[in-house]
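Visitor: First, the structure itself, so that you have it in front of you.
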6 protein chains.
Amino acid sequence: MAAVVTFGEAMLRLSPPDHRRFEQAHALEVWPAGAELNVAVGLARLGTRAAWVSRLPRNALGRLVAAHARSHGVDLSGVRWDNGGRLGLYFVEVAPPPRPSVALYDRAGSSFATSDPSEYDWPSLLADARFFHTTGITLALSDRCARAVDEAVAAAEAIGCQTSFDLNFRARLTTPARAREHVERLAGSLDVLLSSADDIARVFDLRGDPLELAGKLREGLGLAHVVVSARVPGEDGALQRLSVSAGEETHIMTSATVGSVEPIGGGDAFCAGFLHGLLEEGPRRGLELGGAMAALKQSVPGDFPIVERDEVAQLLGAPGTVRMSR
Amino acid sequence: MAAVVTFGEAMLRLSPPDHRRFEQAHALEVWPAGAELNVAVGLARLGTRAAWVSRLPRNALGRLVAAHARSHGVDLSGVRWDNGGRLGLYFVEVAPPPRPSVALYDRAGSSFATSDPSEYDWPSLLADARFFHTTGITLALSDRCARAVDEAVAAAEAIGCQTSFDLNFRARLTTPARAREHVERLAGSLDVLLSSADDIARVFDLRGDPLELAGKLREGLGLAHVVVSARVPGEDGALQRLSVSAGEETHIMTSATVGSVEPIGGGDAFCAGFLHGLLEEGPRRGLELGGAMAALKQSVPGDFPIVERDEVAQLLGAPGTVRMSR
Amino acid sequence: MAAVVTFGEAMLRLSPPDHRRFEQAHALEVWPAGAELNVAVGLARLGTRAAWVSRLPRNALGRLVAAHARSHGVDLSGVRWDNGGRLGLYFVEVAPPPRPSVALYDRAGSSFATSDPSEYDWPSLLADARFFHTTGITLALSDRCARAVDEAVAAAEAIGCQTSFDLNFRARLTTPARAREHVERLAGSLDVLLSSADDIARVFDLRGDPLELAGKLREGLGLAHVVVSARVPGEDGALQRLSVSAGEETHIMTSATVGSVEPIGGGDAFCAGFLHGLLEEGPRRGLELGGAMAALKQSVPGDFPIVERDEVAQLLGAPGTVRMSR
Amino acid sequence: MAAVVTFGEAMLRLSPPDHRRFEQAHALEVWPAGAELNVAVGLARLGTRAAWVSRLPRNALGRLVAAHARSHGVDLSGVRWDNGGRLGLYFVEVAPPPRPSVALYDRAGSSFATSDPSEYDWPSLLADARFFHTTGITLALSDRCARAVDEAVAAAEAIGCQTSFDLNFRARLTTPARAREHVERLAGSLDVLLSSADDIARVFDLRGDPLELAGKLREGLGLAHVVVSARVPGEDGALQRLSVSAGEETHIMTSATVGSVEPIGGGDAFCAGFLHGLLEEGPRRGLELGGAMAALKQSVPGDFPIVERDEVAQLLGAPGTVRMSR
Amino acid sequence: MAAVVTFGEAMLRLSPPDHRRFEQAHALEVWPAGAELNVAVGLARLGTRAAWVSRLPRNALGRLVAAHARSHGVDLSGVRWDNGGRLGLYFVEVAPPPRPSVALYDRAGSSFATSDPSEYDWPSLLADARFFHTTGITLALSDRCARAVDEAVAAAEAIGCQTSFDLNFRARLTTPARAREHVERLAGSLDVLLSSADDIARVFDLRGDPLELAGKLREGLGLAHVVVSARVPGEDGALQRLSVSAGEETHIMTSATVGSVEPIGGGDAFCAGFLHGLLEEGPRRGLELGGAMAALKQSVPGDFPIVERDEVAQLLGAPGTVRMSR
Amino acid sequence: MAAVVTFGEAMLRLSPPDHRRFEQAHALEVWPAGAELNVAVGLARLGTRAAWVSRLPRNALGRLVAAHARSHGVDLSGVRWDNGGRLGLYFVEVAPPPRPSVALYDRAGSSFATSDPSEYDWPSLLADARFFHTTGITLALSDRCARAVDEAVAAAEAIGCQTSFDLNFRARLTTPARAREHVERLAGSLDVLLSSADDIARVFDLRGDPLELAGKLREGLGLAHVVVSARVPGEDGALQRLSVSAGEETHIMTSATVGSVEPIGGGDAFCAGFLHGLLEEGPRRGLELGGAMAALKQSVPGDFPIVERDEVAQLLGAPGTVRMSR
């Protein structure tokens, strides 16, 4: 029933409040998180029916994640419940410069990473879907997860459901060589590849501006559609997002200045905006919505892109001019 | 007994902490608020005896507002207590850019908006007062409130008490046409009109720099004294406040860079500073104190201008140079 | 698709933390609330498919309530969205004795109370439902709401869907006479009436133990099934809940000692447990589950009965003996 | 202008939240405190015009205390402001049994303790007052404070203002011998002496039930009116307050069960209730209101008796029966 | 250098505040925890030099635990640091009755559980120690940990260091049969065995009052010294701790009423008190201090027994009579 | 045993959260603080064995400070415990511009300030130490403290331990003349003098860039080694720290942009970094580490420089380029 089905792990993110260090924390803020779930939440909020396929432990933490996902309207009927496993965790210190924000992952052996590919009945899970979406994180989590992705992509191809893939390289989970190898193997079946310029440099050892990178990747991997984003300094010195969508046509777009409350989740918000726009109108609209979603997301604490459609419209209409709406 | 008497509604403002969205909030911060009450608080803290006339429901929320107002030394003897009404509320998300801060009003049918003009015995309430102050919000809340303002202004005129009026246009409460019409009707009785350049544009469809605007308004409405403020970029790119006081003489002043903790209440703080300075020395001093109050206010959470006299003096003496006082 | 459809208003409850008074509060805890929504949440958590029909303002507060309801798996497809209305509020001080907890309602003119009965297409909303449930609060909110109930009950009767009704008398919304009159009019169409002994005393001026009261009501109103609860002192002096279900057979049951963290929502939790048990096995099971749900609920902050099925089973198996599960 | 004038020190109380120990605290709750100020707050809330005479440092902490006092309607026109002094502090761990709550005082050298008796112009401060009230704490703080009390009592006697005195023995500030000596010297001028049975045991080495103690003290010291309170177990095992007022007539009263949220301030709340009732009707009413105020106070966090008149009335009308008012 | 050396895992405990459920939590309180570390903290606070031997991941969470342990004066020179491992976690809902508190463990694969026995150089770690202490949890965590315990006990025996062992059965980590087998194998080398009556029932299938149980265990396992505790109802209905120390002489003691703020850590606090008293004077003193420590601990949030020596002395001198110390 | 021994007072710092003013605070954040303790914490975290000599009151607040200091690995064996004294306090409002942050000291009569010089047995406290470090604050606190410094410096000289001194002028504690006089008297015995350019201007009435100032001071006072820091605008307009170390060789270094979370403790963090680098490699390395420590410190709330060695290394390797480490 969903238009987009995403597949990946959810974790609980735990962060000290108020820029404290872990040693200074008496309490940790709780945020559900996970690249593919973030994308599903963003899509659902924009009005695209989105389902998230995953595997959660049947305990209070698994229920916590499910409750948050459901609260944003994501369809969880494809979630498998594991009696006895564990939920992946990650601990994040959000720091002001020059101290870098730090993420400490504790996700090994999670209910998702240990899931059996046979638990996912893809033809049924993808019925009527227009897009299947996953990321390099899922490939990197475990061989089982990678196999599940292979099966999902094959099933999608079989039923005419398109596939999008966000490179999302994580050095703590895999190596550039393995990440590259896997993407190259999948490339023939992918319809859309999204990535940051930084990840392309790390995985493919390609450097350049987003336009060049998108071209090289498209040609090199024989991909139909590549979307590349990079942070670039804007006129006023603040960082902006420059995004390129290279398919049959090529579009370039610069988004509103990105804010600084929350360092995580901008890429997933972009991805949600892009897919929504792509489905609605095409890649040009995708870049617009992706850029607006990413910019707005960075003003929202936590990993989910909790953004309203009319905020996106307002930002696209008149970026940066509204300070107070009353 | 008070030197300045202000008249208007107080609300409870409820805001999610830490830039959260309402959907992410487990608790809402509580701030008493209201343009005319803010002005009275600012005056009282600067040392001007200030009274606030209003109507509050006789319940825990009404008591909460009164307790806060009293704590700053505002005289509440002119407050009417309503058995059974409700307190107006407004819900504010304070957001970092590019997400705009949002105010959601829930003030219809409040004890104040439904008050009967006859409840206010203006000759007695204004006895010995040097200024009566209200704003366009009070006019816009209800016909009853507008009539009460008419009576107050008439009473003030009768006893030689001056009148100041802050335009404070609120699109959720009235239309530009109605706002304009009412101000034009009152204009003959007003001694001071204050406004932002933005509100002048919306209500009178006049544009230009503050100096021009003040001149046009003064002439057009036949007003004795007009004060106009606008945000302008300063040398270092940060926003500053440029204010013009146009009466028998004209003064222009630029205030210290405005900060960013709190988006609300700067205009009311300016108003308090201006009236205090006007009473103390004249319009030039009013602009100085208004600018300093507004700049300091933006560093204080909540709607009240909780500022010390010596902080104002310090800022006026050496703007921007003191980082830590110890 | 839902087995039980409930109909009523949701509000935002705002409470000072840590037994503070409103005047002492810098922040208010936020809890979604509403008798009929509480029942739907309880049912959904126990595994009964539950839908909640209501009307919410299309703003951040309406979204907040919907997000919470959805997070517990309640079906919101029957919720109407009002452009421009307001969400009802209530302010609660949770107090330790001898200070009574206080609820201050601010719900007049809410999107729900002002809803047009014609907005609810009952035959469609109740399709396949086994029970329609509402309470005296909905009747008391407005004539429009009362008419909507009349239409819903008629529609239910027409399609063979049973109807349950919780008396829930609220002195701030109606009078005993009006409450009584309305119930008497509906009585012929109701399948189950639930009430506390206290409310029966107030509305019908009947006093006695729950067994007597259930009998009198059943006979007097010609009802098929009456369920009455009362707080009674247990052997150890602590309060217990004594419940009576009087239908074709009569059952009496005493539940585990009730705790004290949260004064609100016990009755709605009982209702959810009773309906779930009734649908599963019959009224005896209903009393068991109702009693357990109510007892567990009182240990959970907020209005929703966030209780696990295995906690209910554990409590019914060995009440009061498990202190720490590890 | 005030009917009752109290005289004593205010401190800032700092307490770890949630039963934490100081070593576990990342933040300390802030409460203004002080026996005589607590009494003034209680009186003002009950409707008796109350003034508090004291000396505060002219800094942010002094302003904090003054703001809280003013918020409850206490007249602060008699407060002296000290350029440069310090505010007394006390650190309290509120502990559940068997761990005792602990108070750590840091009040030496405060602006109040070092005040010069000549700063207080008693004839003017007491003009029109019906009662001057202070406690043994003020006597114990410093010789200067004790002298100020002597002068105040003399001034009160001279103008026909009555005097009440709460024994309030503090072992950390004085010795029983010195406390006794001072009270004996003042006794001839006091109209009302209030004390707990425990303090009488410590200061006068007298033991017995409140009735006996009141009699012995009255006779021994030649006092007109003595009020003695003690905690006694009630029928249900919970603690109650038994109070005796021994003057021309003798009254005995038992108050509602005392709660347990807050261990501090019950005696001062009793005192406020007693004086209010005494002024309103006489000592019998004083005992009633004192008992109710003390019982309600123990449900309110912090030192101030933030209690409503109608809560007192409700408790006196039907103690212990209202659980939830809605 | 330490008089007592304990050996075991430390975890981070994460708990929702204010009796919330995990699904309701926006933040989780952080408490370092671990039976053997709790004992070391209790000993260090009482004045016994205590060292804790363990293995921690070299990351922010490992540092957090170490910082807390060090802050109480525990010697951490025997802690091994693991590059890359993980810290064990446990998630606890502290619930009021009738809802049981729930602990959800996530400790598999921790740096401690995977430690190599050869990392611990026991002759050096135990040099000069009078007692080595560990618990059944360490035995149950992994074979490696169990082997490390065997080696530690052998090393202790070799150098004349006594050994104490707390049964601490955890059904989530092991089976009664395995727990029993291991203790029986160690029994010949243990000097003191401590346990609750509940754990004896589960592991040895022995039931009875603590006196009987201690006798049976002592005889059955050939142990020199057995200490058994049980919760028993006191005269006033509240729970008390009855403890028996059966060695050459037998002592029985009942401790002060236990409080209810914190369900975890009472047994470890008892253990710390017992060992401190045993070393200071003998088993009778051990029971006294153990009982007092356990009672006081239950009033302190978190797992550590943060208790002062003079609080123990005060409780032993006059249990239950001090409500407020000032 | 420690390589560096520091000597000075510790206080409790109390600060309103979230940029609130004291009048708006319901709770105050608690931070242990003190220039010389901050330096010891910074050194210990970098891996230099550091001891802090001081005097604390034997109460809950003294224990709180000691617990925090111990948690970072500082050796407290040289701390004297005072039965009955008080801990110094300071109250800080952390404010965004243009409102200056304000510190209100309440440290008079503290256990440290009143300590008897004879309590400190310097030959034993400094045994094996390579550096003794103190600051102008200790000199200014009391004559007793100043005498203790004289004795410590003499003892250090006698055993070949070097001495470093941070000028740290505090106008609330002493006068420029007295500060200057004392430093001039000590100068002959000091090995390293550190100061900000601002303090040199206030105490020695010398102005200029850090290089000039260091030269003038070195020559004028006959000092072996002078380190001077100043805030200077960097290329991007943000403030940077320019530091000069003038000894046998002269080094100049500019550190990474300083952040803005926390206005306090940068100078002490610099000092810790400088001494660590000096001991490790020499003054060049000292400037590098000092600059990095100061920059990182300003991102950490509270007064302690809670910084990791690898964060310092990372910042020195690639300043400003890492935004998120994952």
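Simple scheme: letters A, B, ... for chains in structure tokens order, numbers from 1 for residues in each chain, numbers from 1 for ligands in the order shown.
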Residues of chain F within 9 Å of chain C, using only C-alpha atoms, as a list in words?
Guide: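 Listed by rising number, the hits are Gln24, Ala25 and His26 of chain F.
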Visitor: Report as a PyMOL selection string all protein, DNA and RNA residues lying within 12 Å of Gly208 of chain D, evaluated on only C-alpha atoms, omitting residues in the same chain fewer than 6 positions from it.
Guide: chain D and resi 196-198+200-201+214-217+228-230
Visitor: Next, the residues of the selection above should be written as a PDB file, in the first residue's frame with N, CA and C atoms.
Guide:
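Result file is out.pdb:
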ATOM      1  N   SER D 196       6.418  24.672  69.366  1.00  0.00           N
ATOM      2  CA  SER D 196       6.186  23.229  69.337  1.00  0.00           C
ATOM      3  C   SER D 196       6.537  22.664  70.699  1.00  0.00           C
ATOM      4  N   ALA D 197       5.955  21.515  71.012  1.00  0.00           N
ATOM      5  CA  ALA D 197       6.277  20.847  72.268  1.00  0.00           C
ATOM      6  C   ALA D 197       7.754  20.486  72.310  1.00  0.00           C
ATOM      7  N   ASP D 198       8.314  20.113  71.179  1.00  0.00           N
ATOM      8  CA  ASP D 198       9.734  19.746  71.145  1.00  0.00           C
ATOM      9  C   ASP D 198      10.629  20.905  71.552  1.00  0.00           C
ATOM     10  N   ILE D 200       9.862  23.463  73.370  1.00  0.00           N
ATOM     11  CA  ILE D 200       9.679  23.765  74.795  1.00  0.00           C
ATOM     12  C   ILE D 200      10.531  22.821  75.637  1.00  0.00           C
ATOM     13  N   ALA D 201      10.587  21.560  75.194  1.00  0.00           N
ATOM     14  CA  ALA D 201      11.421  20.609  75.934  1.00  0.00           C
ATOM     15  C   ALA D 201      12.880  21.036  75.884  1.00  0.00           C
ATOM     16  N   ALA D 214       1.393  24.204  77.767  1.00  0.00           N
ATOM     17  CA  ALA D 214       0.865  25.559  77.611  1.00  0.00           C
ATOM     18  C   ALA D 214       0.567  26.162  78.975  1.00  0.00           C
ATOM     19  N   GLY D 215      -0.005  25.355  79.847  1.00  0.00           N
ATOM     20  CA  GLY D 215      -0.324  25.846  81.187  1.00  0.00           C
ATOM     21  C   GLY D 215       0.929  26.229  81.956  1.00  0.00           C
ATOM     22  N   LYS D 216       1.901  25.345  81.961  1.00  0.00           N
ATOM     23  CA  LYS D 216       3.129  25.627  82.710  1.00  0.00           C
ATOM     24  C   LYS D 216       3.824  26.886  82.201  1.00  0.00           C
ATOM     25  N   LEU D 217       3.903  27.013  80.884  1.00  0.00           N
ATOM     26  CA  LEU D 217       4.595  28.168  80.311  1.00  0.00           C
ATOM     27  C   LEU D 217       3.861  29.458  80.649  1.00  0.00           C
ATOM     28  N   VAL D 228       0.629  25.896  71.821  1.00  0.00           N
ATOM     29  CA  VAL D 228       1.586  24.786  71.740  1.00  0.00           C
ATOM     30  C   VAL D 228       1.057  23.725  70.783  1.00  0.00           C
ATOM     31  N   SER D 229       1.935  23.239  69.925  1.00  0.00           N
ATOM     32  CA  SER D 229       1.552  22.196  68.962  1.00  0.00           C
ATOM     33  C   SER D 229       2.438  20.970  69.136  1.00  0.00           C
ATOM     34  N   ALA D 230       1.890  19.814  68.843  1.00  0.00           N
ATOM     35  CA  ALA D 230       2.698  18.591  68.855  1.00  0.00           C
ATOM     36  C   ALA D 230       2.166  17.651  67.793  1.00  0.00           C
TER      37      ALA D 230
END
Visitor: Which residues come within 12 Å of Phe204 of chain E, counting only C-alpha atoms, excluding same-chain residues fewer than 6 positions away, as a compact mmCIF listing (two decimals) with N, CA and C atoms, in the first residue's frame?
Guide:
# COMPACT_ATOMS: atom_id res chain seq x y z
N LEU E 167 25.68 -14.59 46.75
CA LEU E 167 25.08 -15.54 45.82
C LEU E 167 24.50 -14.85 44.58
N PHE E 169 21.79 -14.46 42.57
CA PHE E 169 21.33 -15.26 41.43
C PHE E 169 20.61 -14.38 40.40
N THR E 175 21.42 -20.66 35.13
CA THR E 175 20.34 -21.49 35.67
C THR E 175 20.66 -21.79 37.14
N PRO E 176 19.64 -22.12 37.91
CA PRO E 176 19.90 -22.50 39.30
C PRO E 176 20.92 -23.63 39.38
N ALA E 177 20.81 -24.60 38.51
CA ALA E 177 21.71 -25.75 38.59
C ALA E 177 23.17 -25.32 38.40
N ARG E 178 23.39 -24.48 37.41
CA ARG E 178 24.77 -24.05 37.17
C ARG E 178 25.27 -23.16 38.31
N ALA E 179 24.39 -22.31 38.81
CA ALA E 179 24.81 -21.44 39.91
C ALA E 179 25.21 -22.30 41.11
N ARG E 180 24.38 -23.32 41.38
CA ARG E 180 24.64 -24.17 42.54
C ARG E 180 25.94 -24.93 42.38
N GLU E 181 26.11 -25.51 41.22
CA GLU E 181 27.30 -26.29 40.95
C GLU E 181 28.56 -25.46 41.20
N HIS E 182 28.54 -24.25 40.71
CA HIS E 182 29.73 -23.42 40.84
C HIS E 182 30.01 -23.08 42.30
N VAL E 183 28.96 -22.72 43.01
CA VAL E 183 29.17 -22.37 44.42
C VAL E 183 29.67 -23.59 45.19
N GLU E 184 29.11 -24.74 44.89
CA GLU E 184 29.56 -25.94 45.61
C GLU E 184 31.05 -26.20 45.34
N SER E 195 23.74 -14.22 51.21
CA SER E 195 22.64 -14.39 50.27
C SER E 195 21.33 -13.91 50.87
N SER E 196 20.39 -13.63 49.99
CA SER E 196 19.02 -13.42 50.44
C SER E 196 18.35 -14.78 50.55
N ALA E 197 17.31 -14.86 51.37
CA ALA E 197 16.54 -16.11 51.49
C ALA E 197 15.92 -16.48 50.14
N ASP E 198 15.52 -15.48 49.37
CA ASP E 198 14.90 -15.76 48.07
C ASP E 198 15.87 -16.46 47.13
N LEU E 213 17.91 -21.42 57.24
CA LEU E 213 18.62 -21.46 55.96
C LEU E 213 20.12 -21.35 56.15
N ALA E 214 20.50 -20.44 57.04
CA ALA E 214 21.94 -20.25 57.28
C ALA E 214 22.54 -21.55 57.83
N LYS E 216 21.39 -24.67 57.47
CA LYS E 216 21.41 -25.73 56.45
C LYS E 216 22.55 -25.51 55.46
N LEU E 217 22.71 -24.26 55.01
CA LEU E 217 23.75 -23.98 54.00
C LEU E 217 25.13 -24.23 54.57
N GLY E 220 25.50 -27.97 54.92
CA GLY E 220 25.46 -28.65 53.63
C GLY E 220 26.69 -28.37 52.77
N LEU E 221 27.15 -27.15 52.80
CA LEU E 221 28.28 -26.81 51.92
C LEU E 221 29.61 -26.79 52.66
Visitor: According to DSSP computed on the backbone, where in segment 12-255 of chain E is there strand (DSSP E)? Give the residues as a count of residues only.
Guide: 71
Visitor: Excluding segment 296-299 of chain F and any residue of its chain fewer than 6 positions from it, enumerate the residues within 6 Å of it, using only C-alpha atoms, and give them as a PDB file with C-alpha atoms, in the first residue's frame.
Guide:
ATOM      1  CA  PRO A  96      29.991  23.326  19.541  1.00  0.00           C
ATOM      2  CA  ARG A  99      35.098  20.327  19.610  1.00  0.00           C
TER       3      ARG A  99
ATOM      4  CA  GLY F 259      33.815  28.964  20.926  1.00  0.00           C
ATOM      5  CA  VAL F 261      29.237  27.909  25.189  1.00  0.00           C
ATOM      6  CA  GLU F 262      31.077  28.726  28.380  1.00  0.00           C
ATOM      7  CA  GLY F 266      39.730  29.180  29.277  1.00  0.00           C
ATOM      8  CA  PRO F 305      38.702  21.542  31.268  1.00  0.00           C
TER       9      PRO F 305
END
Visitor: So that I can check the surroundings of Ala35 of chain E, please list as a ChimeraX atom specification every protein, DNA and RNA residue that reaches within 12 Å of it, counting only C-alpha atoms and ignoring chain neighbours fewer than 5 positions away.
Guide: /E:6-11,40-42,52,54,133-138,165-170,264-272,303-305
Visitor: Can you tell me, as a CSV table (one decimal) with N, CA, C and O atoms, in the first residue's frame, what residues are no more than 12 Å from Leu278 of chain A when counting only C-alpha atoms, ignoring any on the same chain fewer than 5 positions away?
Guide:
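Final output, selection-v6.csv:
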chain,number,residue,atom,x,y,z
A,4,VAL,N,6.5,4.3,-1.0
A,4,VAL,CA,8.0,4.0,-0.8
A,4,VAL,C,8.2,3.1,0.4
A,4,VAL,O,7.5,3.3,1.4
A,43,LEU,N,9.2,11.2,4.4
A,43,LEU,CA,8.3,11.0,3.3
A,43,LEU,C,6.8,11.1,3.8
A,43,LEU,O,6.0,11.7,3.3
A,48,THR,N,3.7,11.4,1.4
A,48,THR,CA,3.9,10.1,0.6
A,48,THR,C,3.7,9.0,1.6
A,48,THR,O,4.3,8.9,2.6
A,130,ARG,N,6.2,2.1,-5.3
A,130,ARG,CA,6.9,2.7,-6.5
A,130,ARG,C,8.4,2.8,-6.3
A,130,ARG,O,9.1,2.9,-7.3
A,131,PHE,N,8.8,2.8,-5.0
A,131,PHE,CA,10.3,2.9,-4.8
A,131,PHE,C,10.6,2.0,-3.6
A,131,PHE,O,9.9,2.0,-2.6
A,162,GLN,N,10.9,0.8,-8.6
A,162,GLN,CA,12.2,1.4,-8.7
A,162,GLN,C,13.0,1.3,-7.4
A,162,GLN,O,12.4,1.1,-6.3
A,164,SER,N,16.1,3.1,-5.0
A,164,SER,CA,17.1,4.2,-4.7
A,164,SER,C,18.0,3.8,-3.6
A,164,SER,O,17.6,3.0,-2.7
A,191,ASP,N,18.0,2.5,-9.7
A,191,ASP,CA,17.5,3.6,-10.5
A,191,ASP,C,18.0,4.9,-10.0
A,191,ASP,O,18.2,5.8,-10.9
A,192,VAL,N,18.2,5.1,-8.8
A,192,VAL,CA,18.8,6.4,-8.2
A,192,VAL,C,19.9,6.1,-7.2
A,192,VAL,O,19.7,5.3,-6.3
A,225,HIS,N,20.6,7.5,-12.8
A,225,HIS,CA,20.4,8.7,-12.1
A,225,HIS,C,21.3,8.8,-10.9
A,225,HIS,O,21.2,8.0,-10.0
A,227,VAL,N,22.5,11.6,-7.7
A,227,VAL,CA,22.3,12.8,-7.0
A,227,VAL,C,23.5,13.0,-6.1
A,227,VAL,O,23.7,12.2,-5.2
A,245,SER,N,21.5,16.8,-9.6
A,245,SER,CA,20.7,15.6,-10.0
A,245,SER,C,21.1,15.4,-11.5
A,245,SER,O,20.7,16.2,-12.4
A,247,GLY,N,20.5,12.9,-14.5
A,247,GLY,CA,19.8,11.8,-15.1
A,247,GLY,C,19.7,12.1,-16.6
A,247,GLY,O,20.7,12.5,-17.2
A,270,PHE,N,17.2,15.3,3.2
A,270,PHE,CA,17.3,15.6,1.8
A,270,PHE,C,16.8,14.4,0.9
A,270,PHE,O,16.0,14.6,0.0
A,271,CYS,N,17.2,13.2,1.3
A,271,CYS,CA,16.7,12.0,0.6
A,271,CYS,C,15.2,11.9,0.5
A,271,CYS,O,14.6,11.7,-0.5
A,272,ALA,N,14.6,12.2,1.7
A,272,ALA,CA,13.1,12.1,1.7
A,272,ALA,C,12.5,13.2,0.8
A,272,ALA,O,11.6,12.9,0.1
A,273,GLY,N,13.0,14.4,0.9
A,273,GLY,CA,12.5,15.5,0.0
A,273,GLY,C,12.7,15.1,-1.4
A,273,GLY,O,11.8,15.4,-2.3
A,283,PRO,N,12.9,15.2,-11.0
A,283,PRO,CA,14.1,15.4,-10.3
A,283,PRO,C,14.3,16.9,-9.9
A,283,PRO,O,14.9,17.2,-8.9
A,284,ARG,N,13.9,17.8,-10.8
A,284,ARG,CA,14.1,19.2,-10.4
A,284,ARG,C,13.3,19.5,-9.1
A,284,ARG,O,13.9,20.2,-8.2
A,285,ARG,N,12.1,19.1,-9.0
A,285,ARG,CA,11.3,19.3,-7.8
A,285,ARG,C,12.0,18.5,-6.7
A,285,ARG,O,12.0,19.0,-5.5
A,286,GLY,N,12.5,17.4,-7.0
A,286,GLY,CA,13.2,16.6,-5.9
A,286,GLY,C,14.4,17.4,-5.3
A,286,GLY,O,14.5,17.4,-4.1
A,287,LEU,N,15.2,18.0,-6.1
A,287,LEU,CA,16.3,18.8,-5.6
A,287,LEU,C,15.7,20.0,-4.7
A,287,LEU,O,16.3,20.3,-3.6
A,288,GLU,N,14.7,20.6,-5.2
A,288,GLU,CA,14.1,21.7,-4.4
A,288,GLU,C,13.7,21.3,-3.0
A,288,GLU,O,14.0,21.9,-2.0
A,289,LEU,N,12.9,20.2,-3.0
A,289,LEU,CA,12.3,19.7,-1.8
A,289,LEU,C,13.4,19.2,-0.9
A,289,LEU,O,13.4,19.3,0.3
A,290,GLY,N,14.4,18.5,-1.5
A,290,GLY,CA,15.5,17.9,-0.7
A,290,GLY,C,16.3,19.0,0.0
A,290,GLY,O,16.6,18.9,1.2
Visitor: Between atom CA of Arg55 of chain A and atom CA of Ala148 of chain A, what is the spacing in Å?
Guide: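 Computing it gives 12.0 Å between the two atoms.
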Visitor: Could you name the residues that touch Leu242 of chain D at 9 Å or less, counting only C-alpha atoms, but leaving out those on the same chain fewer than 5 positions away, as a list in words?
Guide: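 My reading of the contact set: Pro210, Val228, Ser229, Ala230, Arg231, Val232, Ile252, Met253, Thr254, Ser255 and Gly291 of chain D.
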Visitor: Just asking: which residues within segment 25-251 of chain A are helix (DSSP H, G or I) according to DSSP, as a PyMOL selection string?
Guide: chain A and resi 35-46+60-71+117-119+122-125+136-141+143-159+176-189+197-204+210-221
Visitor: One number please: atom CA of Leu126 of chain F to atom CA of Ala67 of chain F, in Å, one decimal.
Guide: 22.5 Å
Visitor: Which is closest to His72 of chain D among C:Arg144, C:Glu308, C:Glu23, C:Ala3, if we use only C-alpha atoms?
Guide: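 The shortest atom-to-atom distance to His72 of chain D comes from C:Glu23.
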